[in-house]
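Trainee: Sharing model.csv here; it has CSV, C-alpha atoms.
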```
chain,number,residue,atom,x,y,z
A,1290,MET,CA,23.8,-15.4,29.1
A,1291,ASP,CA,25.2,-12.3,27.4
A,1292,ALA,CA,23.6,-8.9,28.0
A,1293,LEU,CA,21.7,-8.7,24.7
A,1294,ALA,CA,20.4,-12.2,25.1
A,1295,GLY,CA,19.2,-11.3,28.5
A,1296,LEU,CA,17.4,-8.2,27.2
A,1297,LEU,CA,15.8,-10.0,24.3
A,1298,ASP,CA,14.7,-13.0,26.4
A,1299,GLY,CA,11.4,-11.3,26.9
A,1300,PRO,CA,8.8,-11.5,24.1
A,1301,ARG,CA,6.3,-14.3,24.9
A,1302,ALA,CA,3.3,-13.8,22.7
A,1303,ARG,CA,0.1,-15.6,23.7
A,1304,GLY,CA,-2.7,-15.3,21.2
A,1305,ALA,CA,-1.1,-12.2,19.7
A,1306,PHE,CA,-3.0,-10.2,17.2
A,1307,MET,CA,-1.6,-10.6,13.7
A,1308,ILE,CA,-3.1,-9.4,10.5
A,1309,ARG,CA,-2.3,-8.7,6.8
A,1310,ALA,CA,-3.5,-5.2,6.0
A,1311,CYS,CA,-4.2,-4.2,2.3
A,1312,PHE,CA,-4.9,-0.6,1.3
A,1313,ASP,CA,-5.3,1.6,-1.7
A,1314,PRO,CA,-4.5,5.4,-1.3
A,1315,PRO,CA,-5.8,7.4,0.3
A,1316,TRP,CA,-5.9,5.4,3.5
A,1317,ALA,CA,-5.2,6.1,7.2
A,1318,VAL,CA,-5.9,4.1,10.4
A,1319,ARG,CA,-5.7,5.6,13.9
A,1320,VAL,CA,-4.4,3.2,16.5
A,1321,GLU,CA,-5.4,3.7,20.1
A,1322,ASP,CA,-5.2,0.1,21.4
A,1323,ARG,CA,-2.7,0.9,24.1
A,1324,ALA,CA,-0.8,-2.3,23.2
A,1325,PRO,CA,2.8,-2.4,24.7
A,1326,LEU,CA,4.4,-3.4,21.4
A,1327,THR,CA,3.4,-3.5,17.8
A,1328,VAL,CA,5.4,-4.6,14.7
A,1329,MET,CA,4.7,-3.3,11.3
A,1330,LEU,CA,6.4,-4.8,8.2
A,1331,VAL,CA,5.8,-3.3,4.8
A,1332,VAL,CA,5.5,-6.0,2.1
A,1333,ARG,CA,4.4,-3.8,-0.8
A,1334,GLY,CA,4.0,-0.1,-1.3
A,1335,ALA,CA,4.8,2.5,1.4
A,1336,ALA,CA,3.3,3.9,4.6
A,1337,TRP,CA,3.8,6.6,7.2
A,1338,VAL,CA,3.8,6.0,10.9
A,1339,VAL,CA,2.8,9.3,12.7
A,1340,PRO,CA,3.0,9.2,16.5
A,1341,ASP,CA,1.1,11.9,18.4
A,1342,ARG,CA,4.5,12.8,20.0
A,1343,GLY,CA,7.9,12.4,18.4
A,1344,GLU,CA,9.2,12.1,14.8
A,1345,ARG,CA,7.1,10.4,12.1
A,1346,ALA,CA,8.7,7.8,9.9
A,1347,ARG,CA,8.2,6.8,6.3
A,1348,LEU,CA,8.3,3.1,5.5
A,1349,ARG,CA,9.0,1.4,2.2
A,1350,ALA,CA,8.8,-2.2,1.0
A,1351,GLY,CA,11.0,-4.3,3.3
A,1352,ASP,CA,11.2,-1.7,6.1
A,1353,LEU,CA,10.1,-2.5,9.6
A,1354,ALA,CA,8.8,-0.3,12.5
A,1355,ILE,CA,8.2,-1.2,16.1
A,1356,ALA,CA,5.8,1.1,18.1
A,1357,ARG,CA,6.1,1.0,21.9
A,1358,GLY,CA,2.8,1.7,23.6
A,1359,PRO,CA,0.6,2.9,25.1
A,1360,ASP,CA,0.8,6.2,23.2
A,1361,PRO,CA,-1.5,6.4,20.1
A,1362,TYR,CA,-0.3,6.8,16.5
A,1363,THR,CA,-1.6,6.9,12.9
A,1364,CYS,CA,-0.6,4.7,10.0
A,1365,ALA,CA,-1.4,6.3,6.6
A,1366,ASP,CA,-0.4,6.6,3.0
A,1367,ASP,CA,0.3,10.3,3.7
A,1368,PRO,CA,0.6,12.2,7.0
A,1369,GLY,CA,-2.2,14.5,5.8
A,1370,THR,CA,-4.8,11.8,5.2
A,1371,ALA,CA,-7.6,11.8,7.6
A,1372,PRO,CA,-8.2,8.4,9.5
A,1373,GLN,CA,-10.9,6.2,8.0
A,1374,ALA,CA,-10.8,3.7,10.9
A,1375,LEU,CA,-10.0,3.6,14.6
A,1376,ILE,CA,-8.4,0.6,16.4
A,1377,LEU,CA,-9.3,0.5,20.1
A,1378,PRO,CA,-8.3,-2.0,22.9
A,1379,ASP,CA,-9.1,-5.6,22.3
A,1380,GLN,CA,-8.8,-4.9,18.5
A,1381,GLU,CA,-12.2,-3.2,18.4
A,1382,CYS,CA,-12.6,-1.4,15.1
A,1383,ARG,CA,-14.7,1.7,14.6
A,1384,TYR,CA,-15.2,4.5,12.2
A,1385,PRO,CA,-13.7,7.8,13.4
A,1386,ASP,CA,-17.2,9.0,14.4
A,1387,GLY,CA,-17.6,6.0,16.8
A,1388,ARG,CA,-19.8,3.7,14.7
A,1389,PRO,CA,-18.6,0.1,14.6
A,1390,LEU,CA,-17.1,-1.2,11.4
A,1391,ASN,CA,-19.0,-4.5,11.7
A,1392,GLY,CA,-16.6,-6.4,9.6
A,1393,SER,CA,-16.9,-4.1,6.6
A,1394,MET,CA,-13.2,-4.2,5.9
A,1395,ASP,CA,-12.7,-7.9,6.5
A,1396,LEU,CA,-11.1,-9.6,3.5
A,1397,GLY,CA,-10.6,-13.2,4.7
A,1398,VAL,CA,-8.4,-15.0,7.2
A,1399,ARG,CA,-6.4,-12.4,9.2
A,1400,THR,CA,-6.7,-10.0,6.2
A,1401,TRP,CA,-8.2,-6.6,6.5
A,1402,GLY,CA,-8.5,-3.4,4.4
A,1403,ASP,CA,-9.7,-2.3,1.0
A,1404,ARG,CA,-8.9,-5.2,-1.4
A,1405,LEU,CA,-6.7,-8.3,-1.4
A,1406,ASP,CA,-4.4,-6.9,-4.1
A,1407,GLY,CA,-4.1,-3.5,-2.5
A,1408,GLU,CA,-1.4,-1.1,-3.5
A,1409,THR,CA,0.1,-1.2,0.0
A,1410,VAL,CA,0.4,-4.4,2.1
A,1411,LEU,CA,1.6,-4.5,5.7
A,1412,LEU,CA,2.1,-7.4,8.1
A,1413,ILE,CA,1.2,-6.3,11.6
A,1414,GLY,CA,1.8,-8.1,14.9
A,1415,THR,CA,0.6,-6.8,18.3
A,1416,TYR,CA,1.4,-8.0,21.8
A,1417,PRO,CA,-1.9,-7.0,23.5
A,1418,MET,CA,-0.7,-7.4,27.1
A,1419,ARG,CA,2.3,-5.8,28.8
A,1420,GLY,CA,3.1,-9.1,30.6
A,1421,GLU,CA,4.0,-10.6,27.3
A,1422,VAL,CA,7.0,-8.4,26.8
A,1423,SER,CA,9.4,-7.8,29.7
A,1424,GLY,CA,9.5,-4.3,31.2
A,1425,ARG,CA,13.3,-4.3,30.9
A,1426,LEU,CA,12.9,-4.5,27.1
A,1427,LEU,CA,10.2,-2.0,26.8
A,1428,ASP,CA,12.1,0.5,28.9
A,1429,ALA,CA,15.1,0.1,26.5
A,1430,LEU,CA,13.1,1.1,23.4
A,1431,PRO,CA,12.2,4.4,22.0
A,1432,PRO,CA,8.5,5.1,21.3
A,1433,LEU,CA,9.1,4.4,17.6
A,1434,LEU,CA,12.0,2.6,16.0
A,1435,THR,CA,12.5,1.8,12.3
A,1436,LEU,CA,14.8,-0.5,10.4
A,1437,PRO,CA,15.2,0.2,6.7
A,1438,ALA,CA,15.4,-2.8,4.4
A,1439,ASP,CA,19.0,-2.0,3.4
A,1440,LEU,CA,20.2,-2.3,7.0
A,1441,TRP,CA,18.6,-5.6,7.9
A,1442,ALA,CA,17.7,-8.7,6.0
A,1443,CYS,CA,15.3,-11.1,7.7
A,1444,PRO,CA,14.6,-14.5,6.1
A,1445,LEU,CA,11.4,-14.7,8.3
A,1446,THR,CA,9.6,-12.1,6.2
A,1447,PRO,CA,8.2,-14.4,3.4
A,1448,TYR,CA,7.4,-17.1,5.9
A,1449,VAL,CA,5.4,-14.8,8.1
A,1450,ALA,CA,3.6,-13.5,5.0
A,1451,GLU,CA,2.7,-17.0,4.1
A,1452,GLU,CA,1.7,-18.2,7.6
A,1453,ILE,CA,-0.4,-15.2,8.6
A,1454,VAL,CA,-3.2,-16.0,6.2
A,1455,ARG,CA,-3.3,-19.8,6.9
A,1456,ASP,CA,-6.2,-21.3,8.9
A,1457,GLU,CA,-4.9,-24.6,10.2
A,1458,PRO,CA,-4.9,-26.4,13.6
A,1459,GLY,CA,-2.3,-24.8,15.9
A,1460,GLN,CA,-1.9,-21.8,13.7
A,1461,GLU,CA,-2.2,-19.4,16.6
A,1462,VAL,CA,0.8,-20.9,18.3
A,1463,VAL,CA,2.8,-20.9,15.1
A,1464,LEU,CA,2.1,-17.2,14.6
A,1465,ASP,CA,3.0,-16.4,18.3
A,1466,ARG,CA,6.4,-17.9,17.9
A,1467,LEU,CA,7.0,-16.3,14.5
A,1468,LEU,CA,6.1,-12.9,16.0
A,1469,ASP,CA,8.6,-13.5,18.8
A,1470,LEU,CA,11.4,-14.4,16.4
A,1471,LEU,CA,10.6,-11.5,14.2
A,1472,VAL,CA,10.8,-9.0,17.1
A,1473,ILE,CA,14.0,-10.5,18.4
A,1474,ALA,CA,15.7,-10.5,14.9
A,1475,ALA,CA,14.6,-6.8,14.4
A,1476,LEU,CA,15.8,-5.7,17.9
A,1477,ARG,CA,19.1,-7.5,17.5
A,1478,ALA,CA,19.7,-5.6,14.3
A,1479,TRP,CA,18.6,-2.3,15.9
A,1480,PHE,CA,20.8,-2.6,18.9
A,1481,ALA,CA,23.8,-3.2,16.7
A,1482,ARG,CA,23.4,0.2,15.1
A,1483,PRO,CA,25.6,2.9,16.7
A,1484,GLU,CA,22.7,5.4,16.9
A,1485,ALA,CA,20.5,2.9,18.9
A,1486,GLU,CA,19.3,4.4,22.1
A,1487,ALA,CA,20.4,1.5,24.3
A,1488,PRO,CA,19.8,1.8,28.1
A,1489,ALA,CA,22.6,3.2,30.2
A,1490,TRP,CA,23.4,-0.1,31.8
A,1491,TYR,CA,23.8,-1.7,28.4
A,1492,ARG,CA,26.3,1.0,27.3
A,1493,ALA,CA,28.1,0.7,30.6
A,1494,LEU,CA,29.0,-2.9,29.8
A,1495,ALA,CA,31.8,-1.5,27.7
A,1496,ASP,CA,33.4,0.0,30.8
A,1497,PRO,CA,36.3,-2.2,32.1
A,1498,VAL,CA,35.2,-1.9,35.7
A,1499,VAL,CA,31.4,-1.4,35.6
A,1500,GLY,CA,31.0,-3.8,32.8
A,1501,GLY,CA,32.5,-6.6,34.8
A,1502,VAL,CA,30.3,-5.8,37.8
A,1503,LEU,CA,27.2,-5.7,35.7
A,1504,ARG,CA,28.0,-9.2,34.4
A,1505,LEU,CA,28.5,-10.5,37.9
A,1506,LEU,CA,25.1,-9.1,38.9
A,1507,GLN,CA,23.3,-10.4,35.8
A,1508,ASP,CA,24.9,-13.8,35.8
A,1509,ASP,CA,24.4,-14.6,39.5
A,1510,PRO,CA,21.6,-12.3,41.0
A,1511,ALA,CA,20.9,-14.7,43.8
A,1512,HIS,CA,24.4,-14.3,45.3
A,1513,PRO,CA,24.5,-12.1,48.5
A,1514,TRP,CA,26.3,-9.3,46.8
A,1515,THR,CA,27.5,-6.1,48.6
A,1516,VAL,CA,29.2,-3.1,47.2
A,1517,SER,CA,32.4,-4.2,49.1
A,1518,SER,CA,32.3,-7.7,47.6
A,1519,LEU,CA,31.7,-6.3,44.1
A,1520,ALA,CA,34.5,-3.7,44.5
A,1521,ALA,CA,36.9,-6.5,45.6
A,1522,LYS,CA,36.0,-8.5,42.5
A,1523,ALA,CA,36.5,-5.4,40.3
A,1524,GLY,CA,39.8,-4.5,42.0
A,1525,VAL,CA,38.8,-1.0,43.0
A,1526,SER,CA,37.7,0.7,46.2
A,1527,ARG,CA,34.2,0.6,47.4
A,1528,ALA,CA,33.8,4.4,47.0
A,1529,ALA,CA,35.4,4.3,43.5
A,1530,LEU,CA,33.0,1.6,42.3
A,1531,ALA,CA,29.9,3.3,43.8
A,1532,ARG,CA,30.8,6.6,42.1
A,1533,ARG,CA,31.7,5.1,38.7
A,1534,PHE,CA,28.7,2.7,38.7
A,1535,SER,CA,26.2,5.5,39.5
A,1536,GLY,CA,27.8,7.8,37.0
A,1537,LEU,CA,27.5,5.3,34.1
A,1538,VAL,CA,24.4,3.3,35.0
A,1539,GLY,CA,22.4,6.1,36.6
A,1540,GLU,CA,21.8,4.3,39.9
A,1541,PRO,CA,23.9,2.7,42.7
A,1542,PRO,CA,24.9,-1.0,42.4
A,1543,MET,CA,22.5,-2.3,45.0
A,1544,SER,CA,19.5,-0.4,43.4
A,1545,TYR,CA,20.4,-1.9,40.1
A,1546,LEU,CA,20.6,-5.4,41.6
A,1547,THR,CA,17.2,-4.9,43.3
A,1548,GLY,CA,15.6,-3.9,40.0
A,1549,TRP,CA,17.3,-6.8,38.2
A,1550,ARG,CA,16.1,-9.3,40.8
A,1551,LEU,CA,12.5,-8.1,40.7
A,1552,ALA,CA,12.5,-8.0,36.8
A,1553,LEU,CA,13.7,-11.7,36.8
A,1554,ALA,CA,11.0,-12.5,39.4
A,1555,ALA,CA,8.3,-10.9,37.3
A,1556,ASP,CA,9.5,-13.0,34.3
A,1557,ARG,CA,9.4,-16.2,36.4
A,1558,LEU,CA,6.0,-15.4,37.8
A,1559,ARG,CA,4.7,-14.9,34.3
A,1560,ASP,CA,6.4,-17.8,32.5
A,1561,SER,CA,6.6,-20.6,35.1
A,1562,ASP,CA,4.5,-22.4,37.8
A,1563,ASP,CA,7.3,-22.1,40.4
A,1564,THR,CA,6.1,-21.4,43.9
A,1565,LEU,CA,6.7,-18.0,45.4
A,1566,ASP,CA,9.4,-19.4,47.7
A,1567,ALA,CA,11.2,-21.0,44.7
A,1568,VAL,CA,11.1,-17.7,42.8
A,1569,ALA,CA,12.3,-15.8,45.8
A,1570,ARG,CA,15.3,-18.1,46.2
A,1571,ARG,CA,16.1,-18.1,42.5
A,1572,VAL,CA,16.5,-14.3,42.4
A,1573,GLY,CA,18.2,-13.7,45.7
A,1574,TYR,CA,15.5,-13.2,48.3
A,1575,GLY,CA,15.5,-15.2,51.6
A,1576,SER,CA,11.8,-15.7,51.7
A,1577,ALA,CA,8.5,-15.3,49.8
A,1578,PHE,CA,7.6,-12.5,52.3
A,1579,ALA,CA,10.8,-10.6,51.5
A,1580,LEU,CA,10.2,-10.9,47.8
A,1581,SER,CA,6.5,-9.9,48.2
A,1582,THR,CA,7.4,-6.7,50.1
A,1583,ALA,CA,10.0,-5.6,47.6
A,1584,PHE,CA,7.9,-6.6,44.6
A,1585,LYS,CA,4.8,-4.7,45.7
A,1586,ARG,CA,6.8,-1.6,46.5
A,1587,VAL,CA,8.1,-1.5,42.9
A,1588,TYR,CA,5.3,-3.0,40.9
A,1589,GLY,CA,2.4,-1.8,42.9
A,1590,VAL,CA,0.8,-5.3,43.2
A,1591,SER,CA,1.8,-8.5,45.1
A,1592,PRO,CA,3.5,-11.3,43.2
A,1593,VAL,CA,0.3,-13.3,43.4
A,1594,GLU,CA,-1.7,-10.5,41.8
A,1595,TYR,CA,0.9,-10.0,39.1
A,1596,ARG,CA,0.8,-13.7,38.2
A,1597,ALA,CA,-3.0,-13.7,38.1
A,1598,ARG,CA,-3.0,-10.7,35.8
A,1599,ALA,CA,-0.3,-12.1,33.5
A,1600,ALA,CA,-2.3,-15.3,33.2
```
Take the structure from the file and write it as structure tokens.

Mentor:
Amino acid sequence: MDALAGLLDGPRARGAFMIRACFDPPWAVRVEDRAPLTVMLVVRGAAWVVPDRGERARLRAGDLAIARGPDPYTCADDPGTAPQALILPDQECRYPDGRPLNGSMDLGVRTWGDRLDGETVLLIGTYPMRGEVSGRLLDALPPLLTLPADLWACPLTPYVAEEIVRDEPGQEVVLDRLLDLLVIAALRAWFARPEAEAPAWYRALADPVVGGVLRLLQDDPAHPWTVSSLAAKAGVSRAALARRFSGLVGEPPMSYLTGWRLALAADRLRDSDDTLDAVARRVGYGSAFALSTAFKRVYGVSPVEYRARAA
């Protein structure tokens, strides 16, 4: 598995929130749902995405934005437009003064806003739970990334626009997989841009020494690696590898390996029914107890608790 495939092998939507939003100016929606990842794709018109912190972005037809939570942001026709609706956790919709919207902006199947033929139309997909997107991927993303239409072309767009308003058996599963594919296609295009803020370990893959060591750790995390054995594989001294690895990746080789093993364990706990012993062996721990001790130290909960919350 190459490094980018490993990073993108994370989105696993389960009953994701997807909607077609249709607005006429002036319009503004304040989003405080604390979702880990939200995708916004402009089909018609234009929109601003204004985070509480960081640079705002203007989107035109065909442009896409991905907001990484949990920080709030506002979507609007203009940065100066006051919000007319507030989106809270569990997709609860209220007026800015706290009164419930009570469906007053519902326009049909997964359609919301002012009118069906609104001047601005956006397709929005939200992963409501952090467990649906790997922490490795979230940590690699900026709070808000944008892809202009002239820098990426995604054949999924018209298909998503068609499927999002259908009401057929199994439609939720169809939309979950379409959202995953849309996110992966967008992030692959974004990581290919030279200005993408890729994580340090991803940039370090280009180094002739550290890159090879990273691939060894990523491809075979269960192997009983030591700094000495990695240095021998790389053809450098133990001290030279430790110094070079820490300088490029930002942490020592064994610390990186621990984080990688635990991230893989978290993904297995979320996506499989493997026993804790099986997960431990798969990622390089000698026992379920050893994995549990390390996992709780980093994630703050036991593997059993993590799996229960993800479910």

Trainee: Go through A:Glu1486, A:Glu1540, A:Glu1321, A:Asp1508 one by one, measure the shortest atom-to-atom distance of each to Glu1381 (chain A) using only C-alpha atoms, and give the residue with the smallest value.

Mentor: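 Checking each candidate against Glu1381 (chain A), we get A:Glu1321 as the closest.
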
Trainee: Give me the residues within 8 Å of Gly1414 (chain A) as a list of chain:residue names, counting all atoms listed in the file and dropping any in the same chain fewer than 3 places off.

Mentor: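 Once the adjacent positions are removed, what remains is A:Ala1305, A:Phe1306, A:Met1307, A:Ile1308, A:Thr1327, A:Val1328, A:Met1329, A:Leu1468.
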
Trainee: A:Tyr1574, A:Val1454, A:Trp1490, A:Leu1537: which is nearest His1512 (chain A), counting all atoms listed in the file?

Mentor: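 Going through A:Tyr1574, A:Val1454, A:Trp1490, A:Leu1537 one by one, the smallest distance to His1512 (chain A) is for A:Tyr1574.
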
Trainee: Skip Phe1584 (chain A) itself and residues of its chain fewer than 6 positions away, then list as a tab-separated table (two decimals) with C-alpha atoms, in the frame of the given file all residues within 9 Å of it, counting all atoms listed in the file.

Mentor:
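Contents of out.tsv, as written:
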```tsv
chain	number	residue	atom	x	y	z
A	1551	LEU	CA	12.50	-8.10	40.70
A	1554	ALA	CA	11.00	-12.50	39.40
A	1555	ALA	CA	8.30	-10.90	37.30
A	1590	VAL	CA	0.80	-5.30	43.20
A	1591	SER	CA	1.80	-8.50	45.10
A	1592	PRO	CA	3.50	-11.30	43.20
```

Trainee: Restricting the calculation to all atoms listed in the file: of A:Met1543, A:Ala1442, A:Ala1429, A:Ile1413, which residue gets closest to Val1516 (chain A)?

Mentor: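 Of the candidates, the smallest distance to Val1516 (chain A) is held by A:Met1543.
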
Trainee: Using all atoms listed in the file, pick whichever of A:Cys1311, A:Leu1494, A:Leu1476, A:Leu1427 has the shortest atom-to-atom distance to Leu1412 (chain A).

Mentor: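 Residue with the minimum atom-to-atom distance to Leu1412 (chain A): A:Cys1311.
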
Trainee: So which one's closest to Tyr1545 (chain A), A:Tyr1595, A:Ala1567, A:Leu1445, A:Ala1489? Using all atoms listed in the file, please.

Mentor: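 When distances to Tyr1545 (chain A) are compared using all atoms listed in the file, the smallest one comes from A:Ala1489.
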
Trainee: Find the distance between CA of Leu1505 (chain A) and CA of Gly1424 (chain A) and write it in Å to one decimal.

Mentor: 21.1 Å

Trainee: Using all atoms listed in the file, which residues sit within 10 Å of region 1528-1531 of chain A once same-chain residues fewer than 3 positions away are excluded, as a ChimeraX atom specification?

Mentor: /A:1498-1499,1502,1516-1517,1519-1521,1523-1525,1534-1536,1540-1543

Trainee: Atoms to include: C-alpha atoms. Write the selected residues as a tab-separated table (two decimals), in the coordinates of the input.

Mentor:
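Saved as selection.tsv:
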```tsv
chain	number	residue	atom	x	y	z
A	1498	VAL	CA	35.20	-1.90	35.70
A	1499	VAL	CA	31.40	-1.40	35.60
A	1502	VAL	CA	30.30	-5.80	37.80
A	1516	VAL	CA	29.20	-3.10	47.20
A	1517	SER	CA	32.40	-4.20	49.10
A	1519	LEU	CA	31.70	-6.30	44.10
A	1520	ALA	CA	34.50	-3.70	44.50
A	1521	ALA	CA	36.90	-6.50	45.60
A	1523	ALA	CA	36.50	-5.40	40.30
A	1524	GLY	CA	39.80	-4.50	42.00
A	1525	VAL	CA	38.80	-1.00	43.00
A	1534	PHE	CA	28.70	2.70	38.70
A	1535	SER	CA	26.20	5.50	39.50
A	1536	GLY	CA	27.80	7.80	37.00
A	1540	GLU	CA	21.80	4.30	39.90
A	1541	PRO	CA	23.90	2.70	42.70
A	1542	PRO	CA	24.90	-1.00	42.40
A	1543	MET	CA	22.50	-2.30	45.00
```

Trainee: What does the structure give for the distance between CA of Leu1471 (chain A) and CA of Pro1432 (chain A), in Å to one decimal?

Mentor: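 CA of Leu1471 (chain A) sits 18.2 Å away from CA of Pro1432 (chain A).
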
Trainee: My list of candidates is A:Leu1558, A:Leu1434, A:Leu1411, A:Ala1450. Which is closest to Pro1340 (chain A) when distances are computed with all atoms listed in the file?

Mentor: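 Ranking A:Leu1558, A:Leu1434, A:Leu1411, A:Ala1450 by distance to Pro1340 (chain A), first place goes to A:Leu1434.
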
Trainee: Kindly give the distance, in Å, that separates CA of Arg1399 (chain A) and CA of Ala1310 (chain A), rounded to a single decimal.

Mentor: 8.4 Å

Trainee: Select all residues near (-15.8, -1.3, 12.4) (cut-off 12 Å, inclusive, file coordinates), counting all atoms listed in the file, and output them as a PyMOL selection string.

Mentor: chain A and resi 1318+1373-1377+1380-1395+1401-1402

Trainee: When you get a chance, write out N, CA and C atoms for region 1572-1592 of chain A, as a PDB file, keeping the file's coordinate frame.

Mentor:
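Result saved to rebuild19.pdb:
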```pdb
ATOM      1  N   VAL A1572      16.013 -15.688  42.718  1.00  0.00           N
ATOM      2  CA  VAL A1572      16.500 -14.300  42.400  1.00  0.00           C
ATOM      3  C   VAL A1572      17.157 -13.625  43.549  1.00  0.00           C
ATOM      4  N   GLY A1573      17.355 -14.322  44.663  1.00  0.00           N
ATOM      5  CA  GLY A1573      18.200 -13.700  45.700  1.00  0.00           C
ATOM      6  C   GLY A1573      17.464 -13.217  46.932  1.00  0.00           C
ATOM      7  N   TYR A1574      16.205 -13.606  47.132  1.00  0.00           N
ATOM      8  CA  TYR A1574      15.500 -13.200  48.300  1.00  0.00           C
ATOM      9  C   TYR A1574      15.373 -14.402  49.279  1.00  0.00           C
ATOM     10  N   GLY A1575      15.501 -14.136  50.577  1.00  0.00           N
ATOM     11  CA  GLY A1575      15.500 -15.200  51.600  1.00  0.00           C
ATOM     12  C   GLY A1575      14.188 -15.863  51.807  1.00  0.00           C
ATOM     13  N   SER A1576      13.103 -15.181  51.450  1.00  0.00           N
ATOM     14  CA  SER A1576      11.800 -15.700  51.700  1.00  0.00           C
ATOM     15  C   SER A1576      10.760 -15.141  50.750  1.00  0.00           C
ATOM     16  N   ALA A1577       9.620 -15.796  50.665  1.00  0.00           N
ATOM     17  CA  ALA A1577       8.500 -15.300  49.800  1.00  0.00           C
ATOM     18  C   ALA A1577       8.061 -13.929  50.377  1.00  0.00           C
ATOM     19  N   PHE A1578       8.072 -13.782  51.692  1.00  0.00           N
ATOM     20  CA  PHE A1578       7.600 -12.500  52.300  1.00  0.00           C
ATOM     21  C   PHE A1578       8.554 -11.379  51.894  1.00  0.00           C
ATOM     22  N   ALA A1579       9.865 -11.613  51.928  1.00  0.00           N
ATOM     23  CA  ALA A1579      10.800 -10.600  51.500  1.00  0.00           C
ATOM     24  C   ALA A1579      10.618 -10.173  50.083  1.00  0.00           C
ATOM     25  N   LEU A1580      10.438 -11.162  49.217  1.00  0.00           N
ATOM     26  CA  LEU A1580      10.200 -10.900  47.800  1.00  0.00           C
ATOM     27  C   LEU A1580       8.894 -10.097  47.632  1.00  0.00           C
ATOM     28  N   SER A1581       7.837 -10.526  48.303  1.00  0.00           N
ATOM     29  CA  SER A1581       6.500  -9.900  48.200  1.00  0.00           C
ATOM     30  C   SER A1581       6.599  -8.405  48.564  1.00  0.00           C
ATOM     31  N   THR A1582       7.301  -8.123  49.665  1.00  0.00           N
ATOM     32  CA  THR A1582       7.400  -6.700  50.100  1.00  0.00           C
ATOM     33  C   THR A1582       8.105  -5.868  49.110  1.00  0.00           C
ATOM     34  N   ALA A1583       9.245  -6.343  48.580  1.00  0.00           N
ATOM     35  CA  ALA A1583      10.000  -5.600  47.600  1.00  0.00           C
ATOM     36  C   ALA A1583       9.214  -5.468  46.277  1.00  0.00           C
ATOM     37  N   PHE A1584       8.588  -6.556  45.880  1.00  0.00           N
ATOM     38  CA  PHE A1584       7.900  -6.600  44.600  1.00  0.00           C
ATOM     39  C   PHE A1584       6.705  -5.596  44.609  1.00  0.00           C
ATOM     40  N   LYS A1585       5.945  -5.586  45.672  1.00  0.00           N
ATOM     41  CA  LYS A1585       4.800  -4.700  45.700  1.00  0.00           C
ATOM     42  C   LYS A1585       5.221  -3.235  45.788  1.00  0.00           C
ATOM     43  N   ARG A1586       6.348  -2.961  46.428  1.00  0.00           N
ATOM     44  CA  ARG A1586       6.800  -1.600  46.500  1.00  0.00           C
ATOM     45  C   ARG A1586       7.175  -1.059  45.102  1.00  0.00           C
ATOM     46  N   VAL A1587       7.704  -1.911  44.239  1.00  0.00           N
ATOM     47  CA  VAL A1587       8.100  -1.500  42.900  1.00  0.00           C
ATOM     48  C   VAL A1587       7.015  -1.628  41.876  1.00  0.00           C
ATOM     49  N   TYR A1588       6.297  -2.755  41.889  1.00  0.00           N
ATOM     50  CA  TYR A1588       5.300  -3.000  40.900  1.00  0.00           C
ATOM     51  C   TYR A1588       3.890  -2.610  41.240  1.00  0.00           C
ATOM     52  N   GLY A1589       3.674  -2.288  42.507  1.00  0.00           N
ATOM     53  CA  GLY A1589       2.400  -1.800  42.900  1.00  0.00           C
ATOM     54  C   GLY A1589       1.349  -2.889  43.209  1.00  0.00           C
ATOM     55  N   VAL A1590       1.705  -4.148  42.939  1.00  0.00           N
ATOM     56  CA  VAL A1590       0.800  -5.300  43.200  1.00  0.00           C
ATOM     57  C   VAL A1590       1.669  -6.387  43.826  1.00  0.00           C
ATOM     58  N   SER A1591       1.027  -7.323  44.511  1.00  0.00           N
ATOM     59  CA  SER A1591       1.800  -8.500  45.100  1.00  0.00           C
ATOM     60  C   SER A1591       2.150  -9.417  43.945  1.00  0.00           C
ATOM     61  N   PRO A1592       3.138 -10.286  44.186  1.00  0.00           N
ATOM     62  CA  PRO A1592       3.500 -11.300  43.200  1.00  0.00           C
ATOM     63  C   PRO A1592       2.305 -12.167  42.768  1.00  0.00           C
TER      64      PRO A1592
END
```
